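What follows is the content of run-v2.txt (compact mmCIF, C-alpha atoms).
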```txt
# COMPACT_ATOMS: atom_id res chain seq x y z
CA MET A 132 14.16 -45.34 -57.71
CA THR A 133 17.84 -46.09 -58.32
CA ASP A 134 20.53 -43.51 -57.61
CA THR A 135 21.06 -43.15 -61.34
CA ASP A 136 17.38 -42.46 -62.03
CA PHE A 137 17.22 -40.04 -59.15
CA LYS A 138 20.32 -38.25 -60.37
CA ARG A 139 18.91 -38.04 -63.90
CA GLN A 140 15.74 -36.43 -62.56
CA LEU A 141 17.72 -33.96 -60.48
CA ILE A 142 19.81 -32.97 -63.48
CA ALA A 143 16.68 -32.40 -65.55
CA GLU A 144 15.36 -29.98 -62.93
CA ILE A 145 18.55 -27.92 -62.42
CA PRO A 146 17.69 -25.23 -65.02
CA SER A 147 14.21 -24.65 -63.53
CA LEU A 148 15.52 -24.76 -59.99
CA ARG A 149 18.18 -22.21 -60.82
CA ALA A 150 15.69 -19.97 -62.64
CA PHE A 151 13.45 -20.02 -59.58
CA ALA A 152 16.39 -19.33 -57.25
CA VAL A 153 17.66 -16.37 -59.28
CA SER A 154 14.14 -14.96 -59.55
CA VAL A 155 13.65 -15.12 -55.82
CA CYS A 156 17.04 -13.90 -54.58
CA GLY A 157 18.07 -11.69 -57.53
CA SER A 158 21.61 -12.99 -57.70
CA PHE A 159 23.31 -15.80 -59.60
CA HIS A 160 25.97 -16.09 -56.95
CA LEU A 161 23.53 -16.69 -54.12
CA ALA A 162 21.23 -18.73 -56.36
CA ASP A 163 24.01 -21.15 -57.19
CA ASP A 164 24.78 -21.63 -53.49
CA LEU A 165 21.10 -22.32 -52.87
CA VAL A 166 20.89 -24.78 -55.79
CA GLN A 167 23.99 -26.62 -54.59
CA GLU A 168 22.60 -26.87 -51.05
CA THR A 169 19.26 -28.05 -52.46
CA LEU A 170 20.87 -30.80 -54.53
CA MET A 171 22.79 -32.06 -51.49
CA LYS A 172 19.69 -32.05 -49.30
CA ALA A 173 17.65 -33.75 -52.01
CA TRP A 174 20.26 -36.47 -52.38
CA ALA A 175 20.46 -37.02 -48.63
CA ASN A 176 16.65 -37.19 -48.40
CA SER A 177 15.86 -39.01 -51.62
CA THR A 178 13.82 -41.65 -49.80
CA LYS A 179 11.45 -38.90 -48.66
CA PHE A 180 10.56 -38.01 -52.23
CA GLU A 181 7.13 -39.44 -52.98
CA MET A 182 7.01 -41.21 -56.30
CA GLY A 183 4.35 -39.82 -58.60
CA THR A 184 4.57 -36.31 -57.14
CA SER A 185 6.32 -33.41 -58.79
CA MET A 186 10.10 -33.48 -58.43
CA ARG A 187 10.12 -29.81 -59.37
CA ALA A 188 7.71 -28.86 -56.57
CA TRP A 189 9.73 -30.94 -54.09
CA LEU A 190 13.04 -29.29 -55.06
CA PHE A 191 11.50 -25.80 -55.09
CA THR A 192 10.26 -26.42 -51.54
CA ILE A 193 13.73 -27.41 -50.35
CA LEU A 194 15.33 -24.43 -52.06
CA ARG A 195 12.76 -21.99 -50.74
CA ASN A 196 13.18 -23.26 -47.19
CA GLY A 197 16.94 -22.80 -47.53
CA TYR A 198 16.48 -19.27 -48.80
CA TYR A 199 14.07 -18.32 -46.04
CA SER A 200 16.29 -19.65 -43.28
CA LEU A 201 19.10 -17.54 -44.69
CA TYR A 202 16.71 -14.60 -44.93
CA ARG A 203 15.73 -14.99 -41.28
CA LYS A 204 19.35 -15.23 -40.20
CA ARG A 205 20.16 -11.97 -41.94
CA HIS A 206 16.97 -10.29 -40.67
CA ARG A 207 16.37 -8.66 -44.00
CA GLU A 208 15.78 -9.47 -47.60
CA VAL A 209 18.74 -11.38 -48.90
CA GLN A 210 19.95 -9.46 -51.90
CA ASP A 211 23.38 -9.92 -53.21
CA SER A 212 23.04 -8.39 -56.64
CA ASP A 213 25.96 -9.13 -58.90
CA GLY A 214 24.88 -6.94 -61.81
CA TYR A 215 24.75 -9.92 -64.12
CA TYR A 216 21.10 -10.51 -63.72
CA ALA A 217 19.51 -7.41 -65.26
CA ALA A 218 20.43 -8.29 -68.83
CA SER A 219 19.66 -11.41 -70.78
CA VAL A 220 21.65 -14.39 -69.59
CA SER A 221 20.89 -16.89 -72.31
CA VAL A 222 22.73 -16.64 -75.60
CA GLN A 223 19.56 -16.51 -77.70
CA GLY A 224 18.11 -13.21 -76.45
CA ALA A 225 17.71 -10.60 -79.16
CA GLN A 226 18.58 -6.99 -78.33
CA GLU A 227 14.94 -6.01 -78.11
CA SER A 228 13.97 -8.74 -75.69
CA ARG A 229 17.05 -8.02 -73.59
CA LEU A 230 15.75 -4.51 -73.03
CA ASP A 231 12.30 -5.85 -72.16
CA LEU A 232 13.84 -8.29 -69.72
CA ALA A 233 15.93 -5.63 -67.99
CA ASP A 234 12.78 -3.60 -67.48
CA LEU A 235 10.77 -6.51 -66.11
CA ARG A 236 13.60 -7.58 -63.81
CA LYS A 237 14.04 -4.12 -62.37
CA ALA A 238 10.32 -4.13 -61.54
CA LEU A 239 10.40 -7.69 -60.21
CA ASP A 240 13.23 -6.80 -57.85
CA LYS A 241 11.03 -4.17 -56.22
CA LEU A 242 8.27 -6.59 -55.29
CA PRO A 243 8.06 -8.19 -51.85
CA VAL A 244 9.59 -11.65 -52.01
CA GLU A 245 6.27 -13.39 -51.25
CA GLN A 246 4.76 -11.83 -54.38
CA ARG A 247 7.84 -12.41 -56.51
CA GLU A 248 7.99 -16.11 -55.74
CA VAL A 249 4.34 -16.82 -56.54
CA LEU A 250 4.54 -15.00 -59.87
CA ILE A 251 7.27 -17.45 -60.85
CA LEU A 252 5.68 -20.54 -59.31
CA VAL A 253 2.18 -20.40 -60.78
CA GLY A 254 3.03 -18.90 -64.15
CA PRO A 255 6.33 -19.61 -65.84
CA SER A 256 7.46 -22.68 -63.91
CA GLY A 257 4.26 -24.51 -64.73
CA LEU A 258 3.25 -25.47 -61.19
CA SER A 259 -0.39 -25.47 -60.10
CA TYR A 260 -1.93 -23.16 -57.52
CA GLU A 261 -2.19 -26.23 -55.27
CA GLU A 262 1.51 -26.99 -55.61
CA ALA A 263 2.41 -23.33 -55.06
CA ALA A 264 0.26 -23.29 -51.92
CA GLU A 265 2.06 -26.36 -50.63
CA ILE A 266 5.50 -24.95 -51.44
CA CYS A 267 4.72 -21.65 -49.68
CA ASN A 268 2.81 -23.38 -46.90
CA VAL A 269 -0.27 -21.15 -47.27
CA GLN A 270 -3.86 -21.50 -48.52
CA ILE A 271 -4.63 -21.43 -52.25
CA GLY A 272 -6.61 -18.20 -51.73
CA THR A 273 -3.49 -16.56 -50.34
CA ILE A 274 -1.53 -17.61 -53.42
CA LYS A 275 -4.22 -16.16 -55.68
CA SER A 276 -4.29 -12.84 -53.88
CA ARG A 277 -0.48 -12.64 -53.91
CA VAL A 278 -0.49 -13.32 -57.65
CA ASN A 279 -3.03 -10.56 -58.23
CA ARG A 280 -1.24 -8.08 -56.02
CA GLY A 281 2.09 -8.97 -57.59
CA ARG A 282 0.75 -8.55 -61.13
CA THR A 283 -0.86 -5.23 -60.26
CA LYS A 284 2.34 -3.93 -58.69
CA LEU A 285 4.44 -5.14 -61.62
CA ALA A 286 2.10 -3.45 -64.07
CA GLN A 287 2.33 -0.20 -62.11
CA LEU A 288 6.11 -0.37 -61.89
CA MET A 289 6.30 -0.97 -65.62
CA GLY A 290 3.91 1.87 -66.38
CA LEU A 291 1.13 -0.36 -67.70
CA ASP A 292 -1.75 1.62 -66.33
CA SER A 293 -3.72 2.95 -69.26
CA PRO A 294 -6.13 0.96 -71.45
CA GLN A 295 -4.26 1.90 -74.63
CA GLU A 296 -1.03 0.53 -73.28
CA LEU A 297 -2.74 -2.69 -72.36
CA LEU A 298 -3.98 -3.12 -75.91
CA ILE A 299 -0.55 -2.95 -77.51
CA PRO A 300 1.62 -5.17 -75.37
CA SER A 301 4.58 -5.37 -77.75
CA GLN A 302 5.14 -1.64 -77.45
CA ILE A 303 4.63 -1.29 -73.74
CA LEU A 304 7.66 -3.21 -72.67
CA LYS A 305 9.88 -0.92 -74.70
CA THR A 306 8.37 2.37 -73.55
CA ASP A 307 10.35 2.85 -70.36
CA VAL A 308 13.60 1.68 -71.87
CA ALA A 309 13.28 4.04 -74.82
CA ALA A 310 12.52 6.93 -72.47
CA ALA A 311 15.43 6.10 -70.17
CA MET B 194 -26.75 3.04 -46.54
CA LEU B 195 -23.56 4.63 -47.69
CA PRO B 196 -24.30 6.08 -51.13
CA ASP B 197 -20.88 7.69 -51.37
CA PHE B 198 -19.22 4.31 -51.17
CA ASP B 199 -21.51 2.97 -53.86
CA ASP B 200 -20.47 5.81 -56.12
CA GLU B 201 -16.83 5.03 -55.42
CA ASP B 202 -17.41 1.41 -56.31
CA ARG B 203 -18.96 2.35 -59.61
CA LYS B 204 -16.06 4.62 -60.39
CA ASP B 205 -13.65 1.80 -59.59
CA GLN B 206 -15.51 -0.54 -61.90
CA ALA B 207 -15.11 1.93 -64.73
CA LEU B 208 -11.32 1.99 -64.36
CA PRO B 209 -9.31 -0.36 -66.55
CA ILE B 210 -7.45 -1.75 -63.54
CA ASN B 211 -9.32 -2.69 -60.42
CA PRO B 212 -7.21 -4.73 -58.00
CA ALA B 213 -10.37 -5.90 -56.23
CA ASN B 214 -11.57 -7.73 -59.35
CA SER B 215 -9.31 -10.65 -60.11
CA ASP B 216 -11.15 -11.67 -63.31
CA GLN B 217 -10.58 -8.25 -64.75
CA LEU B 218 -6.96 -8.38 -63.68
CA GLY B 219 -6.49 -11.80 -65.19
CA ALA B 220 -7.91 -10.68 -68.51
CA GLN B 221 -5.99 -7.44 -68.75
CA PHE B 222 -2.63 -8.30 -67.27
CA GLY B 223 -2.56 -11.96 -68.15
CA LEU B 224 -1.20 -11.38 -71.61
CA VAL B 225 1.32 -8.63 -70.94
CA ILE B 226 2.65 -9.55 -67.52
CA GLY B 227 2.38 -13.27 -68.14
CA LYS B 228 4.38 -13.01 -71.35
CA ALA B 229 7.03 -10.86 -69.72
CA LEU B 230 7.41 -13.22 -66.77
CA LYS B 231 7.62 -16.22 -69.07
CA ALA B 232 10.33 -14.51 -71.14
CA HIS B 233 12.22 -13.73 -67.94
CA TYR B 234 11.99 -17.31 -66.67
CA ASP B 235 12.79 -18.93 -70.02
CA ASP B 236 15.86 -16.74 -70.37
CA LEU B 237 17.10 -17.99 -67.00
CA VAL B 238 16.28 -21.61 -67.83
CA GLU B 239 18.33 -21.32 -71.02
CA ALA B 240 21.35 -19.85 -69.24
CA PRO B 241 24.45 -22.07 -69.24
CA ILE B 242 24.58 -24.37 -66.22
CA PRO B 243 27.84 -24.31 -64.21
CA ASP B 244 29.84 -27.58 -64.28
CA LYS B 245 29.97 -27.64 -60.49
CA PHE B 246 26.45 -29.02 -60.24
CA MET B 247 27.24 -32.01 -62.42
CA GLU B 248 30.47 -32.53 -60.50
CA LEU B 249 28.60 -32.42 -57.21
CA LEU B 250 26.04 -34.99 -58.36
CA ALA B 251 28.78 -37.25 -59.71
CA GLN B 252 30.50 -37.08 -56.31
CA LEU B 253 27.27 -37.84 -54.47
CA GLU B 254 26.58 -40.79 -56.73
CA ALA B 255 30.13 -42.12 -56.41
CA SER B 256 29.95 -41.90 -52.62
CA GLY B 257 27.03 -44.31 -52.91
CA GLY B 258 25.48 -43.53 -49.56
CA LYS B 259 22.41 -41.40 -49.01
CA LYS B 260 24.03 -39.50 -46.17
CA PRO B 261 25.79 -36.24 -46.99
```

Output the structure of this file as C-alpha cells.
Amino acid sequence: MTDTDFKRQLIAEIPSLRAFAVSVCGSFHLADDLVQETLMKAWANSTKFEMGTSMRAWLFTILRNGYYSLYRKRHREVQDSDGYYAASVSVQGAQESRLDLADLRKALDKLPVEQREVLILVGPSGLSYEEAAEICNVQIGTIKSRVNRGRTKLAQLMGLDSPQELLIPSQILKTDVAAA
Amino acid sequence: MLPDFDDEDRKDQALPINPANSDQLGAQFGLVIGKALKAHYDDLVEAPIPDKFMELLAQLEASGGKKP
C-alpha cells in the first residue's frame, strides 16, 4: 500500500476512532490525544498492518493499548471530563435526542471500562465478536458476558427494569430526563 | 436436591430481566439499549473533526519515512 492509500484509509477511520476513544475515556480532550498518538503509531508501523484485515480493528487496538498504558500509569480510571461530552456533539441532534443522549452517557460513564468498551465495539462500531475479542485480548465468551453485563447495568442505570417500559422504548429514554 | 434453589430459578425465569439468560437479554434490551448506544456513537462520529489530525497526517506523509 502506498503512503497516500494508507493515509486515505487512516483519514476515513478518524471519526470512528475518535468516537471509540471518547466513549472509552469520557473526554474529548484526552480522546484527541489518544487519536493523535494512534495515528502516529499507525504511520510508524504501517508495514505491520495486514492487508485484507480490518483497519478499524487495527487502529482500535492501538488506541486501546495507549489508553490502558495511561490508565496503568495513573493507577485509576483515566477520566478527564470536560463537560462537553454529555450533550450532543454533532450539529444534527434534535433537542429530544440530545436529552436521550445525555441520559445514556451519564449511565455509560458509570460502567466499568471493560464493559463500556465492548458495548461500543460489538454494537455501534460494527466490529464482530471475534474482532472485539482480539482487540481486548480475551476469549469471545468473555466479550459476550461483558456485553450482557454491560447492557443489564445500563438498563438498570437508565431505569429500564419493568416490562411496560421495555415495550415502549421511545418513551423510556425521556423518563429520567423529564423527572430530573 | 435443593428444592428451594429450584423455586428461586423459576421465580427468576418469570422476571422480565434475567441476567443469567443472554437470549432473553438480547431480545429485551437489544432494541432499547442497542438503539441508544448507536445514537450515542453516531453522534460522536458526526462531530466535527479537528484540523490537527489532517495536519499531522500531512506532516507524516511529507516526511516520507515510516519512522516517527

Nearest residue to chain A from the set B:Asp244, B:Ser256, B:Asp236, B:Ala251 (distances using all atoms listed in the file)
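Using all atoms listed in the file, chain A sits closest to B:Asp236.
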
May I have the residues within 9 Å of Phe246 of chain B as a PyMOL selection string, using all atoms listed in the file and disregarding those fewer than 2 positions away in the same chain?
(chain A and resi 142+145+163+166-167+170) or (chain B and resi 242-244+248-251)

In terms of the shortest atom-to-atom distance over only C-alpha atoms, which of A:Ala162, A:Ala173, A:Ser276, A:Leu288 is closest to Met186 of chain A?
A:Ala173

Between A:Phe191, A:Trp174, A:Phe137, A:Phe159, which is the closest to chain B once you count all atoms listed in the file?
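Closest to chain B of all the choices is A:Trp174.
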
Can you pull out the residues contacting Asp240 of chain A? Cut-off 9 Å, using all atoms listed in the file, and skip same-chain residues under 2 positions away; I want them as number ranges by chain.
A: 154-157, 235-238, 242-244, 247

Name the closest residue to chain A among the candidates B:Lys228, B:Met247, B:Ala240, B:Leu253; distances are taken between atoms, counting all atoms listed in the file.
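The closest residue to chain A is B:Ala240.
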
Could you check how far atom CA of Ser200 of chain A sits from atom CA of Gly254 of chain A, in Å to one decimal?
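If I compute the distance from atom CA of Ser200 of chain A to atom CA of Gly254 of chain A, I get 24.7 Å.
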
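With only C-alpha atoms as the atoms that count, the minimum distance from chain B to the choices A:Phe151, A:Tyr199, A:Tyr260, A:Phe180 is reached by A:Phe151.
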
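Atom pair atom CA of Asp134 of chain A / atom CA of Asn268 of chain A: separated by 28.9 Å.
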
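Computed from the coordinates, the atom CA of Thr135 of chain A to atom CA of Gly257 of chain B distance equals 10.4 Å.
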